[in-house]
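The file work04.cif contains mmCIF, C-alpha atoms:
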```cif
data_input
loop_
_atom_site.label_atom_id
_atom_site.label_comp_id
_atom_site.auth_asym_id
_atom_site.auth_seq_id
_atom_site.Cartn_x
_atom_site.Cartn_y
_atom_site.Cartn_z
CA MET A 1173 0.00 0.00 0.00
CA GLU A 1174 1.34 3.37 -0.98
CA LYS A 1175 2.43 5.45 1.99
CA HIS A 1176 2.23 9.21 1.77
CA SER A 1177 4.47 11.64 3.60
CA PRO A 1178 2.85 14.06 6.10
CA LYS A 1179 3.42 16.90 3.65
CA GLU A 1180 1.69 14.99 0.83
CA ILE A 1181 -1.29 14.27 3.06
CA ASP A 1182 -1.53 17.94 4.08
CA LEU A 1183 -1.44 19.02 0.44
CA ARG A 1184 -4.15 16.51 -0.43
CA ILE A 1185 -6.37 17.77 2.41
CA LEU A 1186 -5.97 21.38 1.31
CA GLN A 1187 -6.59 20.53 -2.35
CA LEU A 1188 -9.78 18.68 -1.47
CA TYR A 1189 -10.89 21.46 0.83
CA ARG A 1190 -10.47 24.18 -1.78
CA ASN A 1191 -12.78 22.31 -4.10
CA ASN A 1192 -16.34 22.85 -2.82
CA ASP A 1193 -17.47 19.43 -4.05
CA SER A 1194 -14.88 17.59 -2.03
CA SER A 1195 -14.71 19.66 1.15
CA ASP A 1196 -16.45 16.89 3.15
CA GLN A 1197 -13.84 14.47 1.91
CA ALA A 1198 -11.16 16.91 3.04
CA PHE A 1199 -12.62 17.05 6.52
CA SER A 1200 -12.84 13.26 6.76
CA LEU A 1201 -9.21 12.93 5.74
CA LEU A 1202 -8.18 15.62 8.24
CA VAL A 1203 -9.97 13.85 11.09
CA LYS A 1204 -8.75 10.40 10.08
CA THR A 1205 -5.14 11.59 9.85
CA TYR A 1206 -4.91 13.51 13.10
CA LYS A 1207 -7.55 12.33 15.55
CA GLU A 1208 -5.41 9.79 17.43
CA ARG A 1209 -2.36 11.97 17.85
CA LEU A 1210 -4.46 14.90 18.98
CA TYR A 1211 -6.47 12.69 21.33
CA TRP A 1212 -3.36 11.54 23.19
CA HIS A 1213 -1.90 15.05 23.25
CA ILE A 1214 -5.08 16.34 24.92
CA ARG A 1215 -5.55 13.31 27.14
CA LYS A 1216 -2.08 13.67 28.61
CA MET A 1217 -3.04 17.18 29.69
CA VAL A 1218 -6.58 16.74 30.98
CA ILE A 1219 -6.40 13.01 31.84
CA ASP A 1220 -10.18 12.34 31.83
CA HIS A 1221 -11.45 10.62 28.65
CA ASN A 1222 -14.78 12.47 28.51
CA ASP A 1223 -13.08 15.86 28.82
CA THR A 1224 -10.61 14.77 26.15
CA ASP A 1225 -13.40 13.68 23.83
CA ASP A 1226 -15.16 17.01 24.24
CA LEU A 1227 -12.02 19.03 23.64
CA LEU A 1228 -10.99 16.93 20.65
CA GLN A 1229 -14.31 17.63 19.00
CA ASN A 1230 -13.88 21.34 19.76
CA VAL A 1231 -10.47 21.24 18.09
CA PHE A 1232 -11.82 19.78 14.88
CA VAL A 1233 -14.80 22.14 14.79
CA LYS A 1234 -12.44 25.11 15.19
CA ALA A 1235 -10.00 23.66 12.69
CA TRP A 1236 -12.74 23.24 10.13
CA LYS A 1237 -13.91 26.82 10.59
CA GLY A 1238 -10.36 28.14 10.47
CA LEU A 1239 -9.07 26.15 7.53
CA THR A 1240 -10.03 28.92 5.10
CA ASN A 1241 -7.49 31.20 6.76
CA PHE A 1242 -4.80 28.54 7.19
CA ARG A 1243 -1.44 29.88 6.11
CA GLU A 1244 0.86 27.19 4.83
CA ASP A 1245 3.97 28.52 6.57
CA ALA A 1246 3.44 25.87 9.24
CA GLY A 1247 2.22 22.32 8.56
CA LEU A 1248 -1.35 21.28 9.33
CA TYR A 1249 -0.02 19.13 12.15
CA THR A 1250 1.65 22.11 13.89
CA TRP A 1251 -1.45 24.22 13.39
CA LEU A 1252 -3.78 21.57 14.79
CA TYR A 1253 -1.47 20.89 17.70
CA ARG A 1254 -1.53 24.60 18.47
CA ILE A 1255 -5.34 24.67 18.52
CA ALA A 1256 -5.42 21.57 20.72
CA THR A 1257 -2.82 23.05 23.07
CA ASN A 1258 -4.81 26.25 23.48
CA GLU A 1259 -7.99 24.27 24.10
CA CYS A 1260 -6.27 22.31 26.88
CA LEU A 1261 -4.80 25.36 28.57
CA SER A 1262 -8.10 27.27 28.37
CA PHE A 1263 -9.96 24.27 29.75
CA LEU A 1264 -7.59 23.87 32.69
CA THR A 1265 -7.62 27.60 33.43
CA SER A 1266 -11.41 27.80 33.40
CA LYS A 1267 -11.65 24.65 35.55
CA ARG A 1268 -9.36 26.26 38.08
CA ARG A 1269 -11.47 29.42 38.12
CA ARG A 1270 -14.74 27.47 38.37
CA LEU A 1271 -13.42 25.59 41.37
CA PHE A 1272 -11.82 28.73 42.87
CA LEU A 1273 -8.52 26.88 43.09
CA PRO A 1274 -5.19 28.65 43.58
CA ILE A 1275 -2.29 27.84 41.28
CA GLY A 1276 -1.21 24.45 42.57
CA ASP A 1277 -4.46 22.70 43.45
CA ILE A 1278 -5.55 21.57 40.00
CA SER A 1279 -3.04 18.72 40.31
CA ASP A 1280 -5.16 17.08 43.05
CA GLU A 1281 -8.15 17.04 40.75
CA LEU A 1282 -6.05 15.59 37.92
CA LEU A 1283 -4.52 12.98 40.23
CA GLY A 1284 -8.04 11.88 41.08
CA LYS A 1285 -8.83 11.60 37.37
CA LEU A 1286 -5.64 9.60 36.83
CA GLU A 1287 -6.57 7.16 39.57
CA ALA A 1288 -10.04 6.73 38.08
CA SER A 1289 -8.64 6.28 34.55
CA ALA A 1290 -5.70 4.00 35.26
CA SER A 1291 -5.71 0.50 33.77
CA PRO A 1292 -5.66 -2.07 36.58
CA ASP A 1293 -3.02 -4.15 34.75
CA GLY A 1294 -0.87 -1.13 33.98
CA ASP A 1295 2.78 -0.74 34.76
CA LYS A 1296 3.26 0.81 38.22
CA ILE A 1297 6.31 2.74 37.13
CA ASN A 1298 4.41 4.45 34.32
CA TYR A 1299 1.66 5.32 36.78
CA LYS A 1300 4.14 6.81 39.27
CA LEU A 1301 5.72 8.79 36.46
CA GLN A 1302 2.34 10.19 35.43
CA GLN A 1303 1.64 11.15 39.03
CA ALA A 1304 4.92 13.05 39.16
CA VAL A 1305 4.22 14.75 35.82
CA LEU A 1306 0.87 15.98 37.11
CA THR A 1307 2.61 18.03 39.81
CA LEU A 1308 4.09 20.29 37.11
CA PRO A 1309 2.40 23.58 36.16
CA ASP A 1310 0.29 23.29 33.01
CA LYS A 1311 2.65 24.90 30.51
CA GLN A 1312 5.66 23.10 31.85
CA ARG A 1313 3.76 19.81 31.74
CA LEU A 1314 2.83 20.55 28.17
CA VAL A 1315 6.48 21.01 27.17
CA PHE A 1316 7.47 17.88 29.07
CA ASN A 1317 4.78 15.79 27.38
CA MET A 1318 5.77 16.95 23.91
CA LYS A 1319 9.48 16.34 24.51
CA TYR A 1320 9.41 13.14 26.53
CA TYR A 1321 6.32 11.29 25.35
CA ASP A 1322 5.99 12.64 21.80
CA ASP A 1323 9.74 12.87 21.03
CA MET A 1324 9.32 16.26 19.45
CA SER A 1325 12.31 18.43 18.72
CA TYR A 1326 12.62 21.78 20.47
CA ASP A 1327 12.08 23.46 17.10
CA GLN A 1328 8.77 21.64 16.64
CA ILE A 1329 7.64 22.53 20.17
CA ALA A 1330 8.70 26.14 19.60
CA ALA A 1331 6.57 26.30 16.45
CA ILE A 1332 3.55 25.06 18.43
CA THR A 1333 3.96 27.10 21.60
CA GLY A 1334 5.55 30.24 20.19
CA THR A 1335 8.23 29.97 22.89
CA SER A 1336 11.96 30.24 22.21
CA VAL A 1337 14.09 27.08 22.06
CA GLY A 1338 16.23 28.32 24.95
CA ALA A 1339 13.19 28.84 27.12
CA LEU A 1340 11.89 25.39 26.24
CA LYS A 1341 15.22 23.76 27.13
CA ALA A 1342 15.13 25.50 30.50
CA SER A 1343 11.54 24.48 31.10
CA TYR A 1344 12.17 20.83 30.18
CA HIS A 1345 15.37 20.65 32.20
CA HIS A 1346 13.57 21.99 35.25
CA ALA A 1347 10.63 19.64 34.69
CA VAL A 1348 12.92 16.60 34.57
CA LYS A 1349 14.62 17.64 37.82
CA LYS A 1350 11.27 18.11 39.54
CA ILE A 1351 9.97 14.76 38.34
CA GLU A 1352 13.12 12.94 39.43
CA ALA A 1353 12.81 14.58 42.84
CA GLU A 1354 9.17 13.42 43.03
CA LEU A 1355 10.15 9.87 42.13
CA ASP A 1356 12.87 9.87 44.77
CA PRO A 1357 12.25 12.44 47.49
CA HIS A 1358 15.20 11.22 49.60
CA MET B 149 11.66 2.27 41.49
CA PRO B 150 13.82 4.11 38.92
CA THR B 151 14.40 7.70 39.86
CA LYS B 152 16.24 8.91 36.77
CA LEU B 153 14.10 9.58 33.77
CA ASP B 154 15.08 7.43 30.85
CA HIS B 155 13.08 6.98 27.70
CA LYS B 156 11.73 3.52 28.49
CA HIS B 157 8.66 4.44 30.53
CA LYS B 158 6.50 6.05 27.89
CA GLN B 159 3.46 3.81 28.05
CA LEU B 160 0.58 5.80 29.51
CA PRO B 161 -1.28 4.16 32.41
CA TYR B 162 -4.71 4.56 30.76
CA ASP B 163 -6.38 3.57 27.49
CA ALA B 164 -8.96 4.99 25.14
CA PRO B 165 -12.33 3.21 25.35
CA TYR B 166 -12.88 0.28 23.03
CA ALA B 167 -13.72 1.36 19.44
CA TYR B 168 -13.52 5.03 20.40
CA PHE B 169 -11.52 6.09 17.36
CA GLU B 170 -13.67 4.01 15.01
CA ASN B 171 -16.81 5.77 16.24
CA PHE B 172 -15.35 9.25 16.63
CA ASP B 173 -15.90 10.49 13.08
CA ASP B 174 -19.65 9.83 13.16
CA LYS B 175 -20.02 11.49 16.55
CA LEU B 176 -18.14 14.56 15.34
CA LYS B 177 -20.23 14.75 12.19
CA ALA B 178 -23.43 14.58 14.24
CA ARG B 179 -22.21 17.40 16.47
CA ILE B 180 -21.36 19.64 13.52
CA GLU B 181 -24.72 18.93 11.89
CA ALA B 182 -26.53 19.71 15.12
CA ALA B 183 -24.61 22.98 15.44
CA ASN B 184 -25.44 23.94 11.84
CA THR B 185 -29.13 23.11 12.19
CA GLY B 186 -29.58 25.17 15.36
CA PRO B 187 -32.30 24.78 17.98
CA THR B 188 -35.95 25.71 17.56
CA ARG B 189 -36.48 29.14 19.06
CA VAL B 190 -38.69 29.27 22.12
CA TRP B 191 -39.68 32.46 23.91
CA TRP B 192 -36.88 32.36 26.49
CA MET B 193 -34.33 32.11 23.70
CA GLN B 194 -35.29 35.49 22.32
CA PRO B 195 -32.53 38.04 22.81
CA ARG B 196 -34.47 40.36 25.13
CA TRP B 197 -35.10 37.56 27.63
CA GLN B 198 -31.52 36.38 27.44
CA ILE B 199 -30.24 39.91 28.07
CA ALA B 200 -32.61 40.29 31.03
CA THR B 201 -31.46 36.96 32.50
CA ALA B 202 -27.81 37.87 32.03
CA ALA B 203 -28.37 41.22 33.77
CA VAL B 204 -30.02 39.53 36.76
CA LEU B 205 -27.19 37.02 37.02
CA LEU B 206 -24.55 39.75 36.78
CA PHE B 207 -26.12 41.81 39.54
CA SER B 208 -26.57 38.72 41.73
CA GLY B 209 -22.96 37.73 41.20
CA ALA B 210 -21.70 41.23 41.98
CA TRP B 211 -23.81 41.34 45.16
CA PHE B 212 -22.62 37.86 46.23
CA PHE B 213 -18.95 38.46 45.59
CA ASN B 214 -18.81 41.99 46.93
CA GLY B 215 -16.95 41.79 50.19
CA GLN B 216 -15.74 38.28 49.36
CA GLN B 217 -12.73 39.53 47.39
CA THR B 218 -9.57 37.75 48.36
CA LYS B 219 -6.90 39.88 49.92
CA PRO B 220 -3.97 40.21 47.49
CA LEU B 221 -1.14 37.87 48.42
CA THR B 222 2.28 39.21 49.31
CA LEU B 223 5.47 37.82 47.80
CA ALA B 224 6.40 36.31 51.16
CA GLU B 225 3.25 34.17 51.15
CA ILE B 226 4.24 32.40 47.95
CA SER B 227 6.60 29.47 48.32
CA PRO B 228 9.96 29.47 46.49
CA GLU B 229 8.76 26.47 44.46
CA GLU B 230 5.70 28.38 43.24
CA LYS B 231 7.82 31.36 42.29
CA VAL B 232 10.25 29.21 40.30
CA ASP B 233 7.38 27.33 38.67
CA TYR B 234 5.79 30.61 37.71
CA LEU B 235 8.97 31.90 36.13
CA TYR B 236 9.55 28.69 34.22
CA THR B 237 6.01 28.55 32.92
CA HIS B 238 6.28 32.14 31.78
CA THR B 239 9.65 31.48 30.22
CA ASP B 240 9.32 34.08 27.49
CA THR B 241 8.80 36.75 30.12
CA TYR B 242 11.88 35.48 31.94
CA PHE B 243 14.08 35.72 28.87
CA THR B 244 12.72 39.13 28.02
CA LEU B 245 13.61 40.20 31.53
CA LEU B 246 17.16 38.93 31.12
CA ALA B 247 17.42 40.83 27.86
CA GLY B 248 16.84 44.03 29.82
CA GLU B 249 13.40 45.21 28.75
CA GLU B 250 12.32 48.43 30.44
CA GLU B 251 9.09 48.82 32.40
CA LEU B 252 8.53 45.06 32.56
CA GLU B 253 6.15 43.78 35.19
CA LEU B 254 5.40 40.17 35.98
CA SER B 255 2.06 39.28 37.39
CA MET B 256 1.17 36.25 39.41
CA GLU B 257 -2.48 36.26 40.21
CA ASN B 258 -2.71 39.27 42.55
CA ILE B 259 1.03 39.77 42.92
CA TRP B 260 3.00 42.29 40.92
CA LEU B 261 6.76 41.93 40.75
CA ASN B 262 8.60 44.92 39.42
CA LYS B 263 11.72 44.42 37.34
CA ALA B 264 14.13 45.00 40.25
CA GLU B 265 12.32 42.47 42.47
CA ALA B 266 12.19 39.88 39.68
CA GLU B 267 15.90 40.29 38.89
CA SER B 268 16.78 40.06 42.55
CA TYR B 269 14.73 36.87 42.88
CA LEU B 270 16.31 35.30 39.78
CA GLU B 271 19.80 36.09 41.07
CA SER B 272 19.06 34.53 44.42
CA GLU B 273 17.93 31.28 42.79
CA ASN B 274 20.94 31.10 40.42
CA LEU B 275 18.52 30.56 37.58
CA GLU B 276 20.69 32.45 35.11
CA ILE B 277 23.52 29.96 35.71
CA LEU B 278 21.10 27.11 35.08
CA ILE B 279 20.06 28.52 31.71
CA THR B 280 23.67 29.14 30.68
CA GLU B 281 24.60 25.55 31.38
CA LEU B 282 22.05 24.11 28.92
#
```

Just dump the structure as C-alpha cells.
Amino acid sequence: MEKHSPKEIDLRILQLYRNNDSSDQAFSLLVKTYKERLYWHIRKMVIDHNDTDDLLQNVFVKAWKGLTNFREDAGLYTWLYRIATNECLSFLTSKRRRLFLPIGDISDELLGKLEASASPDGDKINYKLQQAVLTLPDKQRLVFNMKYYDDMSYDQIAAITGTSVGALKASYHHAVKKIEAELDPH
Amino acid sequence: MPTKLDHKHKQLPYDAPYAYFENFDDKLKARIEAANTGPTRVWWMQPRWQIATAAVLLFSGAWFFNGQQTKPLTLAEISPEEKVDYLYTHTDTYFTLLAGEEELELSMENIWLNKAEAESYLESENLEILITEL
C-alpha cells in the first residue's frame, strides 16, 4: 500500500478542501489523519477521557472553521497541535477558576482523574511517572509531554507554543529535575 | 523504582475506550450537523429575555462576591517552588527580563513583581547559571 508523507497528506487535504465538491472528503481525511495523535496530546493534559473527547471535538470544529485562513507557513499538524494546546490550557484555566482553586491545586483534581482512569493491569512505574508529571504547572507539563512522550524536537515545540528554544530547554530541564525529585524524594 | 528519567517508561497508564476512534468520526459529524441546524427558538431564547437573565445574574454575582474579594497575596506568602514554577512557565517573560526590557512587570495572580524584584529573585535562585549551562 502506498504510503504518503505528512506533507503529501496535508497538500491533499488542502486541495480537497479548496474544491467545494470535495470539502467533506477533506474534513474526513483531516480527522482520520490527526484524531489519534491529537487525542493523546489532549488526554495527557486533561487526563479524563470524557473531557478529552469534548475538547478533541472542539479542536476539529475550530480547525474546520479556520481552515479557510490557514497559512501554509506551518504544517497542518503544527497548526492543529496549536489549537489543541490552546484548548487544553483554556480548559484547565477555566476549571481552576470554576473551582476557585489557587495555582497548585488543579493537580489534586487531575490525580483523582488519573486514579479513576488507570488501567488495573498497567505498569506501576508508568503510573508513578504520570503522578509526578501531574505536579508540574500546566505549561511546563505541556512542554514535558511533547518532549518526553511525543519525542518532538525543540524546534517543533517552539513552532507550536511560540516559545523560544532556549526557554523550552530550560523548562524541560527543570521539569525533569522536579519529576526525578518526586520519584525519589530522599 | 527508577528515579532517573530514561526513555523507556513512555506507556501511559490509561487507554482509550474500546472502538472510540472508530466511532469518533460519526459522533463529530453529528455534532457539527446539530450545530449547523440550530435549535428551535422558544420564547426564552429570544434576545431580550436572554439579556434580562444575564443582567439579573450579573447583579446577583456582583452582590454575592462583593466583600468576598480575596486579599492580594504578598510575595512572602508564595513558596519558592511556586515562584520558580511561575517563572519557568512564563519562560518568554523570563528571557525578556534577562534581555533588559524596560518597564517590565510580571504578574502572578494578585502579585505584581517589578523588574528590580524579579531580577533580585532570579539572582538569588541562580537561575541564570542554570540557563547558561544548557

Can you translate the PyMOL selection byres ((chain A) within 7 of (chain B)) into the concrete residues it hits in this file, as a PyMOL selection string? chain A and resi 1229+1289-1291+1294-1295+1297-1299+1309+1311-1312+1321+1335+1339+1342-1343+1352+1355-1356

For the residues selected in the previous step, produce a file with C-alpha atoms as a PDB file, in the frame of the given file.
```pdb
ATOM      1  CA  GLN A1229     -14.310  17.630  19.000  1.00  0.00           C
ATOM      2  CA  SER A1289      -8.640   6.280  34.550  1.00  0.00           C
ATOM      3  CA  ALA A1290      -5.700   4.000  35.260  1.00  0.00           C
ATOM      4  CA  SER A1291      -5.710   0.500  33.770  1.00  0.00           C
ATOM      5  CA  GLY A1294      -0.870  -1.130  33.980  1.00  0.00           C
ATOM      6  CA  ASP A1295       2.780  -0.740  34.760  1.00  0.00           C
ATOM      7  CA  ILE A1297       6.310   2.740  37.130  1.00  0.00           C
ATOM      8  CA  ASN A1298       4.410   4.450  34.320  1.00  0.00           C
ATOM      9  CA  TYR A1299       1.660   5.320  36.780  1.00  0.00           C
ATOM     10  CA  PRO A1309       2.400  23.580  36.160  1.00  0.00           C
ATOM     11  CA  LYS A1311       2.650  24.900  30.510  1.00  0.00           C
ATOM     12  CA  GLN A1312       5.660  23.100  31.850  1.00  0.00           C
ATOM     13  CA  TYR A1321       6.320  11.290  25.350  1.00  0.00           C
ATOM     14  CA  THR A1335       8.230  29.970  22.890  1.00  0.00           C
ATOM     15  CA  ALA A1339      13.190  28.840  27.120  1.00  0.00           C
ATOM     16  CA  ALA A1342      15.130  25.500  30.500  1.00  0.00           C
ATOM     17  CA  SER A1343      11.540  24.480  31.100  1.00  0.00           C
ATOM     18  CA  GLU A1352      13.120  12.940  39.430  1.00  0.00           C
ATOM     19  CA  LEU A1355      10.150   9.870  42.130  1.00  0.00           C
ATOM     20  CA  ASP A1356      12.870   9.870  44.770  1.00  0.00           C
TER      21      ASP A1356
END
```

Contacts of Gln1303 of chain A at 8 Å or less, counting only C-alpha atoms, minus same-chain residues fewer than 3 places along, as a PDB file with C-alpha atoms, keeping the file's coordinate frame?
```
ATOM      1  CA  LEU A1283      -4.520  12.980  40.230  1.00  0.00           C
ATOM      2  CA  LEU A1286      -5.640   9.600  36.830  1.00  0.00           C
ATOM      3  CA  TYR A1299       1.660   5.320  36.780  1.00  0.00           C
ATOM      4  CA  LYS A1300       4.140   6.810  39.270  1.00  0.00           C
ATOM      5  CA  LEU A1306       0.870  15.980  37.110  1.00  0.00           C
ATOM      6  CA  THR A1307       2.610  18.030  39.810  1.00  0.00           C
TER       7      THR A1307
END
```

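Taking only C-alpha atoms into account, Pro1178 of chain A lies nearest to A:Thr1250 out of the set A:Val1305, A:Trp1236, A:Thr1250, A:Phe1199.
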
Kindly list the centre and edge lengths in Å, rounded to one decimal, for the axis-aligned box that covers all listed atoms of segment 1279-1284 of chain A plus 5 Å on each of its six sides, as AutoDock Vina command-line options.
```
--center_x -5.6 --center_y 15.3 --center_z 40.5 --size_x 15.1 --size_y 16.8 --size_z 15.1
```

As a PyMOL selection string, please: the residues near Arg1215 of chain A (cut-off 12 Å, all atoms listed in the file, same-chain neighbours under 4 positions excluded). (chain A and resi 1207-1211+1219-1228+1256-1257+1259-1260+1282+1285-1286+1289+1302+1314+1317) or (chain B and resi 160-164)

Selection dump of the PyMOL selection byres ((chain A and resi 1189) around 12), as a VMD selection string: chain A and resid 1182 to 1188 1190 to 1202 1236 to 1242

One decimal place gives the atom CA of Lys1341 of chain A-atom CA of Glu1244 of chain A separation as 26.7 Å

A:Ile1181, A:Leu1340, A:Leu1261, A:Ala1246: which is nearest His1213 of chain A, counting only C-alpha atoms? A:Leu1261

How many Å separate atom CA of Ser1262 of chain A from atom CA of Leu1308 of chain A? 16.5 Å

Atom pair atom CA of Leu1252 of chain A + atom CA of Tyr166 of chain B, distance 24.6 Å
